[in-house]
Amino acid sequence: MKRSILALASGAFILGAAEFVMMGILPQTAAAMHVSIPAAGHYISAYAIGVCFGTLILVFGRKVPPKNLIILFMVIALAGNTLSAISVNSPMLLVARFISGLPHGAFFGTATLIAKTLADKGKEAQSVSMMVTGQTVANMLGVPAGTLLAETMSWRLAFAILAAWALMTMVLVLAWVPFVAPIKDAGIKGQFRFLTHAGPWLILLAVFCGNTGIFCWWSYISPWLQKTGGWQSAIVPLLMVLAGFGMVTGGIAGGRLADLWKPGATAALSQGIATVGLLLVFLTPGNHVTTAVLTFTLGFALFFNASPQQLLMVQAGEGGGELIAGAAVQIAFNFGNAVGSIIGGAALTVTAMNYHYTGLAGAPIALIAVLMLVTYSRRYETRTGALERMREVRV
């Protein structure tokens, strides 16, 4: 099981790095494509839109064994990142980013199902969190490495390396991931039956609002660190490592707490931390200490809710909709990324590039996510269930 999760985590690494590396290399990409930084934010949005459309792969590939789907997703990632590396103008890079995003949501929905299937009873959230750790490690190491490459050599190398990594991951999946039977074929309509209930909608809307709020700030973290925090551009890669460390820590902690407590309540706690962090982005003066602390804290909050929300949706989709439900989290996540990037860019434009206002723009939206998750937890999660899980813990 450990080798299987490692292979899946390798795929999560590629997609996490492809998604988030643009935040670290935004100034260099904008300069190379001859566009402004707010306009370059559309490269983030293009990836997110690709995530939404990519779910159609699961709709028509529901009878395909999950392992084969994972390999297909890596082929698409290879193509998208290769095109990103060789893009010669802004429209071409937008298309390349769209292609790169196509496998993202479908991959995480499928990988969550595999990780849950292979997990020991009672440790499903931890198994999912270890798969998602590939995405958080991408933020701790891959994104800073890409930022460093952009500073010292070329931003194109970041995408070229990701293309090569996708090829390597195909080999790992072929060698290490066992056969997992396709999900029950409930037909096209049956895959979406879980959306007839209110609970999944509360989770998805919370994911969307939470990410919209945090990406008002996160989309522009590189210039924020330099303009507001006073950091030199050469130090930004190290601060991206700090953000990634927060994501790794948050992802692992969220998986463990969700297995012990209530997944919905765990996610609500995460969004609460994000809301406070965004308010502090607006309220605190810009200096080295405050920007470094907020970089870690908001990175922690961003992935503290990853495995709880992913697991809740796969469980909600049981009976033929597991893959779509798991992918729906990533659709909401990335749709929030796209909208957050646009709102954050608008806030910068209106305030003459005052990066404090990215936090003010995002905080109220993140608060809506807290309220939705609290409502979900109070309505669908029982105190008795949480206490029973805690009694099962063995020291």
# chains A, B, ... in the order shown; residues from 1 in each chain; ligands from 1
$ residues_around --residues "region 330-336 of chain A" --least-positions-apart "2" --cutoff "6 Å" --atoms "only C-alpha atoms" --output "PyMOL selection string"
chain A and resi 48+51-52+105+204+207-208+211-212+327-328+338-340
$ residues_around --residues "Leu348 (chain A)" --least-positions-apart "5" --cutoff "12 Å" --atoms "only C-alpha atoms" --output "count of residues only"
23
$ atom_distance --atom1 "CA of Pro285 (chain A)" --atom2 "CA of Thr228 (chain A)"
8.0 Å
$ select_by_dssp --residues "region 67-236 of chain A" --states "alpha helix (DSSP H)" --output "ChimeraX atom specification"
/A:67-85,90-118,124-137,143-152,156-176,187-190,198-218,221-227,236
$ closest_atom_pairs --of "region 41-92 of chain A" --to "region 152-159 of chain A" --cutoff "9 Å" --atoms "only C-alpha atoms" --output "Markdown table"
| residue | atom | partner | partner_atom | distance |
| --- | --- | --- | --- | --- |
| A:Gly80 | CA | A:Phe159 | CA | 8.8 |
| A:Asn81 | CA | A:Phe159 | CA | 5.1 |
| A:Thr82 | CA | A:Phe159 | CA | 6.6 |
| A:Leu83 | CA | A:Phe159 | CA | 8.5 |
| A:Ser84 | CA | A:Phe159 | CA | 6.3 |
| A:Ala85 | CA | A:Arg156 | CA | 4.5 |
| A:Ile86 | CA | A:Arg156 | CA | 7.1 |
| A:Ser87 | CA | A:Arg156 | CA | 8.6 |
$ closest_residue --among "A:Val314, A:Leu8, A:Ala40, A:Leu174" --to "Met131 (chain A)" --atoms "only C-alpha atoms"
A:Leu8
$ atom_distance --atom1 "CA of Leu93 (chain A)" --atom2 "CA of Tyr43 (chain A)"
7.3 Å
$ closest_residue --among "A:Thr29, A:Gln135, A:Leu15, A:Ile161" --to "Ser100 (chain A)" --atoms "only C-alpha atoms"
A:Leu15
$ residues_around --residues "region 234-245 of chain A" --least-positions-apart "3" --cutoff "10 Å" --atoms "only C-alpha atoms" --output "VMD selection string"
chain A and resid 21 23 to 25 135 to 152 221 to 223 225 to 226 231 248 to 251 291 to 300 302 to 303
